[in-house]
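File shown here: model37.cif, holding mmCIF, C-alpha atoms.
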data_coords
loop_
_atom_site.label_atom_id
_atom_site.label_comp_id
_atom_site.auth_asym_id
_atom_site.auth_seq_id
_atom_site.Cartn_x
_atom_site.Cartn_y
_atom_site.Cartn_z
CA MET A 1115 9.48 -24.10 21.27
CA THR A 1116 6.14 -25.08 19.67
CA GLY A 1117 4.36 -24.51 22.99
CA ASN A 1118 5.90 -21.04 23.32
CA LEU A 1119 4.95 -20.21 19.74
CA LEU A 1120 1.38 -21.30 20.37
CA LEU A 1121 1.15 -19.28 23.58
CA ASP A 1122 2.71 -16.20 21.94
CA SER A 1123 0.29 -16.54 19.02
CA LEU A 1124 -2.71 -16.76 21.31
CA ILE A 1125 -1.56 -13.70 23.28
CA SER A 1126 -1.03 -11.79 20.00
CA LEU A 1127 -4.49 -12.73 18.70
CA GLY A 1128 -6.00 -11.69 22.03
CA ALA A 1129 -4.23 -8.32 21.83
CA ILE A 1130 -5.50 -7.88 18.24
CA ALA A 1131 -9.05 -8.55 19.42
CA VAL A 1132 -8.69 -5.91 22.17
CA MET A 1133 -7.33 -3.30 19.75
CA VAL A 1134 -10.01 -3.96 17.11
CA GLY A 1135 -12.70 -3.89 19.80
CA PHE A 1136 -11.42 -0.52 20.99
CA VAL A 1137 -11.48 0.86 17.43
CA TRP A 1138 -15.02 -0.51 16.95
CA ARG A 1139 -16.15 1.10 20.20
CA LEU A 1140 -14.74 4.55 19.38
CA PHE A 1141 -15.16 4.73 15.61
CA GLY A 1142 -17.99 2.30 14.84
CA GLY A 1143 -17.84 -0.33 12.19
CA SER A 1144 -19.89 0.52 9.14
CA GLY A 1145 -19.69 3.28 6.58
CA GLU A 1146 -22.34 5.53 5.08
CA PRO A 1147 -24.36 4.40 2.04
CA VAL A 1148 -22.75 5.41 -1.24
CA SER A 1149 -24.02 8.90 -2.09
CA GLU A 1150 -23.72 10.64 -5.42
CA GLY A 1151 -21.47 13.31 -3.91
CA ALA A 1152 -19.06 10.80 -2.38
CA ALA A 1153 -19.08 8.65 -5.51
CA ARG A 1154 -18.34 11.65 -7.74
CA ASP A 1155 -15.54 12.79 -5.44
CA ARG A 1156 -13.88 9.38 -5.36
CA LEU A 1157 -14.29 8.90 -9.09
CA ALA A 1158 -12.86 12.34 -9.86
CA PHE A 1159 -9.81 11.40 -7.80
CA ASP A 1160 -9.32 7.85 -9.13
CA GLU A 1161 -10.35 8.45 -12.75
CA PRO A 1162 -10.13 12.20 -13.45
CA ASP A 1163 -10.67 11.79 -17.20
CA PHE A 1164 -13.87 9.78 -16.76
CA HIS A 1165 -16.93 12.01 -16.94
CA PRO A 1166 -20.07 10.29 -15.62
CA ALA A 1167 -23.20 11.02 -17.61
CA GLU A 1168 -25.65 8.59 -15.98
CA TRP A 1169 -25.81 6.85 -12.63
CA LEU A 1170 -27.36 3.73 -11.15
CA PHE A 1171 -27.47 3.55 -7.34
CA ASP A 1172 -27.90 0.34 -5.39
CA ALA A 1173 -30.98 0.49 -3.15
CA ASP A 1174 -28.92 -0.91 -0.25
CA GLY A 1175 -26.32 1.84 -0.59
CA TYR A 1176 -23.50 -0.58 -1.29
CA ALA A 1177 -22.57 0.48 -4.81
CA ALA A 1178 -23.05 2.92 -7.66
CA LEU A 1179 -22.53 2.36 -11.37
CA ALA A 1180 -21.78 5.19 -13.78
CA THR A 1181 -21.38 5.45 -17.53
CA ASP A 1182 -19.82 8.20 -19.58
CA GLY A 1183 -22.28 7.48 -22.40
CA ALA A 1184 -19.44 6.57 -24.73
CA GLY A 1185 -18.99 2.90 -23.85
CA GLU A 1186 -17.05 3.21 -20.61
CA PHE A 1187 -18.32 2.45 -17.14
CA ALA A 1188 -17.14 2.89 -13.55
CA ILE A 1189 -18.23 1.03 -10.46
CA ILE A 1190 -17.91 2.51 -6.99
CA ILE A 1191 -18.39 0.29 -3.93
CA ARG A 1192 -18.46 0.95 -0.22
CA LYS A 1193 -15.44 -0.39 1.61
CA GLY A 1194 -15.67 0.30 5.31
CA ASP A 1195 -15.79 4.09 5.70
CA ASP A 1196 -14.26 4.66 2.26
CA LEU A 1197 -14.95 3.77 -1.36
CA ALA A 1198 -13.17 1.70 -4.00
CA THR A 1199 -13.60 2.08 -7.75
CA ARG A 1200 -12.93 0.28 -11.01
CA ARG A 1201 -13.26 1.67 -14.52
CA PHE A 1202 -14.05 -0.76 -17.32
CA ALA A 1203 -15.32 -1.16 -20.85
CA ALA A 1204 -18.60 -3.04 -21.31
CA ASP A 1205 -16.86 -6.07 -22.82
CA ARG A 1206 -14.58 -6.47 -19.78
CA VAL A 1207 -17.31 -7.39 -17.32
CA ASP A 1208 -19.62 -10.35 -16.84
CA ALA A 1209 -23.07 -8.79 -16.24
CA LYS A 1210 -26.06 -10.91 -15.24
CA MET A 1211 -29.54 -10.14 -13.92
CA SER A 1212 -31.04 -11.97 -10.98
CA ALA A 1213 -34.57 -10.70 -10.19
CA GLU A 1214 -34.08 -6.91 -9.72
CA THR A 1215 -30.39 -7.33 -9.00
CA LEU A 1216 -27.57 -6.69 -11.45
CA VAL A 1217 -24.57 -8.88 -10.68
CA LEU A 1218 -21.20 -7.76 -12.04
CA ARG A 1219 -18.06 -9.88 -12.09
CA PHE A 1220 -14.79 -8.24 -13.07
CA GLY A 1221 -12.25 -11.07 -13.06
CA ASP A 1222 -10.10 -8.84 -10.87
CA PRO A 1223 -8.55 -10.69 -7.91
CA GLY A 1224 -8.69 -7.53 -5.78
CA PHE A 1225 -12.30 -6.61 -6.48
CA PRO A 1226 -15.28 -8.74 -5.48
CA PRO A 1227 -18.43 -9.39 -7.55
CA VAL A 1228 -20.85 -6.49 -7.08
CA ARG A 1229 -24.64 -6.76 -6.67
CA LEU A 1230 -26.73 -3.68 -7.47
CA ARG A 1231 -30.42 -3.81 -6.57
CA ALA A 1232 -32.38 -1.12 -8.40
CA PRO A 1233 -35.65 -0.87 -10.39
CA ASP A 1234 -33.85 0.00 -13.65
CA ALA A 1235 -31.01 -2.50 -13.18
CA ALA A 1236 -32.21 -4.52 -16.19
CA ASP A 1237 -31.76 -1.48 -18.46
CA TRP A 1238 -28.16 -1.21 -17.28
CA ALA A 1239 -27.59 -4.89 -17.87
CA GLN A 1240 -28.59 -4.28 -21.49
CA LYS A 1241 -26.29 -1.27 -21.71
CA LEU A 1242 -23.44 -3.41 -20.44
CA ARG A 1243 -24.21 -6.11 -23.00
CA GLY A 1244 -24.15 -3.45 -25.69
CA LEU A 1245 -27.78 -4.02 -26.67
CA MET B 1441 33.70 -3.20 23.87
CA GLU B 1442 31.68 -6.09 22.39
CA PHE B 1443 28.15 -5.30 21.33
CA ASN B 1444 25.30 -7.58 22.39
CA TYR B 1445 22.13 -7.88 20.36
CA PRO B 1446 18.96 -7.69 22.43
CA ASN B 1447 15.73 -9.12 20.99
CA ILE B 1448 14.20 -5.71 20.42
CA ILE B 1449 11.20 -6.97 18.46
CA ALA B 1450 10.04 -8.99 21.49
CA TRP B 1451 10.25 -5.83 23.62
CA ALA B 1452 8.56 -3.71 20.99
CA VAL B 1453 5.38 -5.71 20.40
CA PRO B 1454 3.68 -4.79 23.71
CA ALA B 1455 4.71 -1.15 23.16
CA PHE B 1456 3.11 -1.26 19.69
CA ALA B 1457 -0.19 -2.43 21.19
CA ILE B 1458 -0.18 0.29 23.86
CA LEU B 1459 0.71 3.01 21.32
CA VAL B 1460 -2.09 1.85 18.98
CA LEU B 1461 -4.61 2.12 21.83
CA ILE B 1462 -3.30 5.61 22.70
CA GLU B 1463 -3.49 6.71 19.05
CA VAL B 1464 -7.06 5.38 18.64
CA PHE B 1465 -8.13 7.32 21.74
CA ALA B 1466 -6.27 10.50 20.71
CA ALA B 1467 -7.59 10.34 17.12
CA ARG B 1468 -11.15 10.11 18.47
CA MET B 1469 -10.72 12.89 21.00
CA LEU B 1470 -8.85 15.28 18.69
CA LYS B 1471 -10.97 14.32 15.66
CA ARG B 1472 -7.76 13.92 13.71
CA GLY B 1473 -6.84 10.75 11.86
CA ARG B 1474 -9.18 7.96 10.87
CA TYR B 1475 -9.68 4.42 12.09
CA GLU B 1476 -12.01 1.71 10.78
CA ALA B 1477 -12.48 -1.55 12.64
CA ARG B 1478 -12.26 -3.97 9.70
CA ASP B 1479 -9.32 -2.08 8.23
CA SER B 1480 -7.48 -2.25 11.56
CA ALA B 1481 -8.36 -5.93 11.97
CA ALA B 1482 -6.95 -6.67 8.51
CA SER B 1483 -3.77 -4.68 9.19
CA LEU B 1484 -3.14 -6.30 12.56
CA PHE B 1485 -3.85 -9.78 11.23
CA MET B 1486 -1.44 -9.17 8.34
CA GLY B 1487 1.17 -8.13 10.91
CA PHE B 1488 0.54 -11.28 12.92
CA GLY B 1489 0.88 -13.44 9.78
CA SER B 1490 4.09 -11.70 8.76
CA GLU B 1491 5.70 -12.84 12.02
CA ILE B 1492 4.57 -16.43 11.45
CA ALA B 1493 5.37 -16.66 7.71
CA PRO B 1494 9.20 -16.72 7.99
CA LEU B 1495 8.95 -19.73 10.31
CA LEU B 1496 7.63 -21.76 7.36
CA GLY B 1497 11.16 -21.97 5.98
CA GLY B 1498 12.13 -18.50 4.76
CA ALA B 1499 14.05 -17.60 7.91
CA ALA B 1500 16.06 -20.83 7.73
CA ILE B 1501 16.96 -20.25 4.07
CA VAL B 1502 18.01 -16.63 4.66
CA GLY B 1503 19.97 -17.66 7.77
CA ALA B 1504 21.79 -20.36 5.83
CA VAL B 1505 22.72 -17.94 3.02
CA PHE B 1506 23.92 -15.32 5.54
CA PHE B 1507 26.14 -17.74 7.43
CA ALA B 1508 27.52 -19.19 4.18
CA ALA B 1509 28.36 -15.66 2.96
CA TYR B 1510 29.97 -14.89 6.33
CA GLU B 1511 32.25 -17.92 5.93
CA PHE B 1512 33.65 -16.29 2.77
CA ARG B 1513 33.71 -12.69 4.13
CA LEU B 1514 36.17 -10.21 2.75
CA PHE B 1515 37.05 -8.54 6.07
CA ASP B 1516 36.79 -9.25 9.78
CA ILE B 1517 34.69 -6.34 10.97
CA PRO B 1518 34.74 -6.21 14.79
CA ASN B 1519 31.61 -6.40 16.86
CA THR B 1520 31.73 -2.82 18.20
CA TRP B 1521 29.35 0.14 18.50
CA TRP B 1522 30.97 2.01 15.60
CA ALA B 1523 30.62 -1.04 13.36
CA VAL B 1524 26.93 -1.19 14.35
CA LEU B 1525 26.58 2.49 13.44
CA ILE B 1526 28.20 2.00 10.02
CA CYS B 1527 26.14 -1.13 9.47
CA PHE B 1528 22.98 0.83 10.31
CA VAL B 1529 23.72 3.64 7.84
CA LEU B 1530 24.46 1.04 5.14
CA ASP B 1531 21.23 -0.72 6.11
CA ASP B 1532 19.28 2.49 5.64
CA LEU B 1533 20.82 2.92 2.17
CA ARG B 1534 19.95 -0.72 1.49
CA TYR B 1535 16.38 -0.04 2.67
CA TYR B 1536 16.03 2.95 0.33
CA TRP B 1537 16.95 0.91 -2.77
CA TRP B 1538 15.03 -2.20 -1.74
CA HIS B 1539 12.00 -0.01 -1.07
CA ARG B 1540 12.34 1.90 -4.35
CA ILE B 1541 12.66 -1.30 -6.36
CA SER B 1542 9.67 -2.68 -4.45
CA HIS B 1543 7.62 0.15 -5.95
CA GLU B 1544 9.18 0.12 -9.40
CA ARG B 1545 9.24 -3.61 -10.23
CA ARG B 1546 6.07 -5.66 -10.09
CA TRP B 1547 7.69 -8.83 -8.70
CA PHE B 1548 8.72 -6.98 -5.54
CA TRP B 1549 5.59 -4.81 -5.55
CA ALA B 1550 3.47 -7.97 -5.33
CA SER B 1551 4.76 -8.38 -1.77
CA HIS B 1552 5.06 -4.74 -0.79
CA ILE B 1553 1.59 -3.75 -2.06
CA VAL B 1554 0.21 -5.32 1.12
CA HIS B 1555 1.69 -2.52 3.22
CA HIS B 1556 0.05 0.13 1.01
CA SER B 1557 -3.32 -1.54 0.62
CA SER B 1558 -5.01 0.26 3.53
CA GLN B 1559 -6.93 3.44 2.69
CA HIS B 1560 -6.19 4.60 6.22
CA TYR B 1561 -2.96 5.89 7.68
CA ASN B 1562 -2.44 5.10 11.32
CA LEU B 1563 -0.23 2.97 13.54
CA THR B 1564 -2.02 -0.24 12.53
CA THR B 1565 -1.02 0.49 8.92
CA ALA B 1566 2.61 0.21 10.04
CA LEU B 1567 1.90 -3.36 11.09
CA ARG B 1568 0.20 -4.32 7.80
CA GLN B 1569 3.13 -6.33 6.47
CA THR B 1570 3.56 -8.90 3.75
CA TRP B 1571 3.41 -12.68 4.19
CA THR B 1572 5.52 -13.17 1.06
CA GLY B 1573 8.85 -11.71 -0.03
CA GLN B 1574 10.67 -13.09 3.01
CA ILE B 1575 13.45 -14.76 1.04
CA LEU B 1576 14.60 -13.00 -2.15
CA GLY B 1577 14.61 -9.44 -0.78
CA PRO B 1578 16.76 -10.16 2.28
CA ILE B 1579 19.13 -12.38 0.30
CA LEU B 1580 19.63 -9.86 -2.51
CA PHE B 1581 19.87 -6.73 -0.40
CA LYS B 1582 21.32 -7.80 2.96
CA THR B 1583 23.83 -10.49 2.01
CA PRO B 1584 26.38 -8.01 0.51
CA ARG B 1585 27.06 -6.54 3.97
CA VAL B 1586 27.50 -10.02 5.43
CA PHE B 1587 29.90 -10.86 2.61
CA LEU B 1588 31.75 -7.65 3.41
CA GLY B 1589 32.31 -8.86 6.97
CA PHE B 1590 29.46 -7.55 9.15
CA HIS B 1591 28.18 -10.34 11.37
CA PRO B 1592 24.77 -11.72 10.29
CA LEU B 1593 23.31 -10.95 13.73
CA MET B 1594 24.47 -7.34 13.41
CA VAL B 1595 22.84 -7.07 9.97
CA LEU B 1596 19.57 -8.50 11.33
CA PHE B 1597 19.74 -6.25 14.42
CA VAL B 1598 20.14 -2.98 12.48
CA GLY B 1599 17.40 -4.09 10.09
CA ALA B 1600 15.08 -4.56 13.07
CA ILE B 1601 16.02 -1.10 14.44
CA ASN B 1602 15.21 0.42 11.05
CA LEU B 1603 11.79 -1.27 10.98
CA LEU B 1604 11.06 -0.22 14.56
CA TYR B 1605 11.88 3.39 13.72
CA GLN B 1606 9.29 3.32 10.96
CA PHE B 1607 6.43 2.36 13.27
CA TRP B 1608 5.84 5.80 14.79
CA ILE B 1609 5.87 7.67 11.46
CA HIS B 1610 2.59 6.01 10.40
CA THR B 1611 0.33 8.61 11.99
CA GLU B 1612 -1.73 11.65 11.08
CA LEU B 1613 -1.56 12.95 14.64
CA ILE B 1614 1.93 14.43 14.30
CA ASN B 1615 2.43 17.39 12.01
CA ARG B 1616 5.78 18.71 10.81
CA LEU B 1617 8.82 18.53 13.08
CA GLY B 1618 11.04 21.47 12.11
CA PRO B 1619 14.72 20.81 11.39
CA PHE B 1620 14.23 17.09 12.21
CA GLU B 1621 12.50 16.88 8.81
CA TRP B 1622 15.74 17.79 7.02
CA VAL B 1623 17.55 14.60 7.97
CA PHE B 1624 15.06 12.07 9.28
CA ASN B 1625 12.02 10.35 7.84
CA THR B 1626 8.97 11.74 9.63
CA PRO B 1627 5.18 11.28 9.69
CA SER B 1628 4.83 14.11 7.17
CA HIS B 1629 7.36 12.62 4.73
CA HIS B 1630 5.87 9.16 5.05
CA ARG B 1631 2.28 10.36 4.59
CA VAL B 1632 3.42 11.52 1.16
CA HIS B 1633 4.87 8.07 0.49
CA HIS B 1634 1.55 6.37 1.29
CA ALA B 1635 -0.51 8.86 -0.72
CA THR B 1636 -2.01 8.07 -4.13
CA ASN B 1637 -2.33 11.71 -5.22
CA PRO B 1638 -0.46 11.81 -8.55
CA ARG B 1639 1.80 14.58 -7.21
CA TYR B 1640 2.93 12.30 -4.39
CA LEU B 1641 3.37 8.99 -6.27
CA ASP B 1642 6.78 7.30 -6.19
CA ALA B 1643 8.29 9.54 -3.55
CA ASN B 1644 9.97 9.37 -0.14
CA TYR B 1645 11.26 5.80 -0.05
CA ALA B 1646 13.42 6.44 3.03
CA GLY B 1647 13.51 4.20 6.06
CA THR B 1648 15.11 6.29 8.81
CA LEU B 1649 17.12 8.97 6.98
CA ILE B 1650 15.30 11.10 4.39
CA ILE B 1651 18.69 12.20 3.01
CA TRP B 1652 18.64 9.33 0.49
CA ASP B 1653 15.50 10.71 -1.18
CA ARG B 1654 17.06 14.16 -1.26
CA MET B 1655 20.24 12.70 -2.76
CA PHE B 1656 18.59 10.47 -5.37
CA GLY B 1657 15.87 12.93 -6.45
CA THR B 1658 12.78 11.20 -5.07
CA PHE B 1659 11.95 13.61 -2.25
CA THR B 1660 8.53 15.29 -2.31
CA PRO B 1661 7.35 17.48 0.59
CA GLU B 1662 3.82 17.31 1.98
CA ARG B 1663 1.74 20.33 0.94
CA ASP B 1664 -0.81 22.09 3.08
CA ASP B 1665 -3.06 22.56 0.05
CA GLU B 1666 -3.13 18.89 -0.95
CA LYS B 1667 -4.14 16.39 1.69
CA PRO B 1668 -2.83 12.89 1.04
CA ARG B 1669 -5.38 10.24 0.05
CA TYR B 1670 -4.05 6.87 1.06
CA GLY B 1671 -4.11 3.42 -0.49
CA ILE B 1672 -3.14 2.09 -3.90
CA VAL B 1673 -4.14 3.46 -7.29
CA LYS B 1674 -6.65 0.60 -7.71
CA ASN B 1675 -7.88 0.11 -4.18
CA LEU B 1676 -8.94 -3.34 -3.06
CA GLY B 1677 -12.64 -3.95 -2.66
CA THR B 1678 -12.22 -6.21 0.34
CA PHE B 1679 -10.64 -6.59 3.79
CA ASN B 1680 -10.00 -10.33 3.28
CA PRO B 1681 -6.38 -11.00 4.43
CA LEU B 1682 -5.89 -13.75 1.84
CA ILE B 1683 -6.90 -11.40 -0.97
CA ILE B 1684 -4.74 -8.63 0.50
CA SER B 1685 -1.79 -10.99 0.64
CA PHE B 1686 -2.02 -12.74 -2.70
CA HIS B 1687 -4.08 -10.63 -5.13
CA GLU B 1688 -1.11 -9.15 -6.96
CA TRP B 1689 0.59 -12.55 -7.24
CA ILE B 1690 -2.65 -13.94 -8.72
CA GLY B 1691 -2.71 -10.95 -11.08
CA ILE B 1692 0.85 -11.70 -12.22
CA ALA B 1693 0.00 -15.38 -12.77
CA LYS B 1694 -3.11 -14.52 -14.82
CA ASP B 1695 -1.16 -12.05 -16.93
CA VAL B 1696 1.72 -14.43 -17.51
CA PHE B 1697 -0.63 -17.24 -18.60
CA SER B 1698 -2.34 -14.91 -21.06
CA ALA B 1699 0.91 -13.42 -22.38
CA LYS B 1700 1.58 -13.74 -26.09
CA SER B 1701 5.37 -13.46 -26.04
CA LEU B 1702 8.41 -13.77 -23.79
CA ARG B 1703 8.68 -9.96 -23.82
CA ASP B 1704 5.17 -9.75 -22.38
CA VAL B 1705 5.98 -12.34 -19.70
CA ILE B 1706 9.03 -10.34 -18.62
CA GLY B 1707 7.11 -7.06 -18.75
CA TYR B 1708 4.21 -8.37 -16.67
CA THR B 1709 6.58 -9.88 -14.10
CA PHE B 1710 9.45 -7.43 -13.82
CA GLY B 1711 8.11 -4.29 -15.48
CA PRO B 1712 6.70 -1.38 -13.50
CA PRO B 1713 3.37 -2.07 -11.77
CA GLY B 1714 0.60 -1.26 -14.25
CA TRP B 1715 2.69 -2.18 -17.30
CA SER B 1716 0.82 -3.79 -20.19
CA PRO B 1717 1.96 -4.56 -23.74
CA ASP B 1718 -0.63 -2.25 -25.33
CA GLY B 1719 -0.45 0.50 -22.70
CA SER B 1720 -4.09 -0.07 -21.75
CA ARG B 1721 -3.25 -0.10 -18.02
CA MET B 1722 -1.57 2.72 -16.18
CA THR B 1723 1.84 2.85 -14.56
CA SER B 1724 2.43 5.55 -11.97
CA GLN B 1725 4.38 7.54 -14.58
CA MET B 1726 1.33 7.45 -16.88
CA ILE B 1727 -0.89 8.57 -13.98
CA LYS B 1728 1.42 11.49 -13.30
CA ASP B 1729 1.45 12.42 -17.02
CA ARG B 1730 -2.37 12.31 -17.13
CA TRP B 1731 -2.55 14.51 -14.04
CA ARG B 1732 -0.15 17.07 -15.55
CA LYS B 1733 -2.11 17.09 -18.82
CA ILE B 1734 -5.45 17.64 -17.05
CA ALA B 1735 -3.95 20.35 -14.82
CA ARG B 1736 -2.50 22.09 -17.88
CA GLU B 1737 -5.83 21.94 -19.72
CA GLU B 1738 -7.68 23.29 -16.68
CA GLN B 1739 -5.21 26.14 -16.37
CA GLU B 1740 -5.57 26.99 -20.06
CA THR B 1741 -9.37 27.00 -19.67
CA ARG B 1742 -9.15 29.35 -16.69
CA GLU B 1743 -6.55 31.64 -18.23
CA PRO B 1744 -6.88 31.80 -22.02
CA GLN B 1745 -3.52 32.55 -23.56
CA ALA B 1746 -2.94 36.29 -23.66
CA PRO B 1747 -2.39 37.77 -27.13
CA ILE B 1748 1.27 38.07 -27.93
CA ALA B 1749 2.31 41.66 -27.48
CA ALA B 1750 3.70 43.45 -30.53
CA GLU B 1751 7.42 43.83 -30.37
#
As structure tokens, please, write out the structure in this file.
Amino acid sequence: MTGNLLLDSLISLGAIAVMVGFVWRLFGGSGEPVSEGAARDRLAFDEPDFHPAEWLFDADGYAALATDGAGEFAIIIRKGDDLATRRFAADRVDAKMSAETLVLRFGDPGFPPVRLRAPDAADWAQKLRGL
Amino acid sequence: MEFNYPNIIAWAVPAFAILVLIEVFAARMLKRGRYEARDSAASLFMGFGSEIAPLLGGAAIVGAVFFAAYEFRLFDIPNTWWAVLICFVLDDLRYYWWHRISHERRWFWASHIVHHSSQHYNLTTALRQTWTGQILGPILFKTPRVFLGFHPLMVLFVGAINLLYQFWIHTELINRLGPFEWVFNTPSHHRVHHATNPRYLDANYAGTLIIWDRMFGTFTPERDDEKPRYGIVKNLGTFNPLIISFHEWIGIAKDVFSAKSLRDVIGYTFGPPGWSPDGSRMTSQMIKDRWRKIAREEQETREPQAPIAAE
């Protein structure tokens, strides 16, 4: 029984590897850097009543941060070939600077900490701290 | 004639793998449908885990409850093809309500959200199944038929048939299917169900027969002018299977520990997904209302109200 289960599991994992390898071969594995157009499109769909006034783009193309200029922010991150967003008020995020990198932690179990590397990241850290 | 129950899942798994490979190839060649390697890996690994998870004890508990209920059955329903057919139709009705409640109550959504967490819609999405929710759902929704007198193996068999049927509808390669769409759940109907467009939220809960949605008022057709965008209303920022599996449960636990009253505890646990005491989060009904309000405002901006004509 245990031996059969182990063998079945190994065969299943092998089949998964073949299928994922085939997808990788035909579709590739990494998405495009986050562009303003894609970020705006995703944000307009996820948060249609959020109107971005200013943007900060990560130099590595992983994320973009937007503010509506009235105390609300939205973060857009690359997730494979798509994007994921979160909208938040400044007091709902833990924002820290590390060199030229702004690190944001949301306390959301489904959303990882985000690192944005940009020359004016420090200005955004201050915005987020309400300074 | 006695009906025997073949192990259809064991037969189906190799067919699933072959059909996935065919769909990947066809999607690439026809430039229709999307695949992403990490998304597919996550979906397939979730499917693998969902087959292992019941072996940790859930299957034994459900089996024990089924056989106990069968001991006290109301009728002796024979093991025949017509009984299987009736049992299947009842199973499909059971699936509709279980599925609807899984979207409308956060406790059940915490398990079912796994299946919706992919932003892609392809055959691997069909296999993205939960590792939790293996006990309460089956006991609550399948035991009544056993108590009625359907044999537990028959109940499990028709449930497996229903799940198998739903594999092929997770595709963007198949368009509409004519009169078949009137009665059966199809790729088009199920694309709507997986969409997060406000127009499509909370619709098409059917398993095999779409008639239940038509009967209970939850049917929404797919529109040519509005392409479905898949996922959940707050998409995950990761492909990590542990996060996919447990993030909503962690969310419930965090909310319950921060709750200020018993009402809040109940609301966070059994209210609609997105419920919060102060209304600061959004349920799907609130998202639909926001969408209608924005659409109305846009229409008014485009077409200023005409002056009222003199009578």
Legend entry - Nearby residues (only C-alpha atoms) at most 7 Å from range 1457-1463 of chain B, same-chain spacing under 6 positions excluded, as a ChimeraX atom specification: /A:1133 /B:1563-1564
Go ahead and write the selection's residues with C-alpha atoms as a PDB file, in the frame of the given file.
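part.pdb, freshly written:
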ATOM      1  CA  MET A1133      -7.330  -3.300  19.750  1.00  0.00           C
TER       2      MET A1133
ATOM      3  CA  LEU B1563      -0.230   2.970  13.540  1.00  0.00           C
ATOM      4  CA  THR B1564      -2.020  -0.240  12.530  1.00  0.00           C
TER       5      THR B1564
END
Legend entry - Residue IDs satisfying the PyMOL selection byres ((chain A) within 6 of (chain B)), as a ChimeraX atom specification: /A:1134,1137-1138,1143,1198,1223-1225
Inset, instruction - Find the residues around Arg1513 in chain B up to 10 Å (all atoms listed in the file counted), leave out those fewer than 3 positions away in its own chain, and share them as number ranges by chain. - result: B: 1507-1510, 1516-1517, 1584-1591
Residues from the last selection, C-alpha atoms, saved as a JSON list (two decimals), in the coordinates of the input:
[["chain", "number", "residue", "atom", "x", "y", "z"],
["B", 1507, "PHE", "CA", 26.14, -17.74, 7.43],
["B", 1508, "ALA", "CA", 27.52, -19.19, 4.18],
["B", 1509, "ALA", "CA", 28.36, -15.66, 2.96],
["B", 1510, "TYR", "CA", 29.97, -14.89, 6.33],
["B", 1516, "ASP", "CA", 36.79, -9.25, 9.78],
["B", 1517, "ILE", "CA", 34.69, -6.34, 10.97],
["B", 1584, "PRO", "CA", 26.38, -8.01, 0.51],
["B", 1585, "ARG", "CA", 27.06, -6.54, 3.97],
["B", 1586, "VAL", "CA", 27.50, -10.02, 5.43],
["B", 1587, "PHE", "CA", 29.90, -10.86, 2.61],
["B", 1588, "LEU", "CA", 31.75, -7.65, 3.41],
["B", 1589, "GLY", "CA", 32.31, -8.86, 6.97],
["B", 1590, "PHE", "CA", 29.46, -7.55, 9.15],
["B", 1591, "HIS", "CA", 28.18, -10.34, 11.37]]
Legend entry - Between CA of His1555 in chain B and CA of Arg1568 in chain B - distance in Å to one decimal: 5.1 Å
Legend entry - Pick from A:Ala1158, A:Met1211, A:Leu1170, A:Ala1203, whichever lies nearest to Ala1184 in chain A using all atoms listed in the file: A:Ala1203
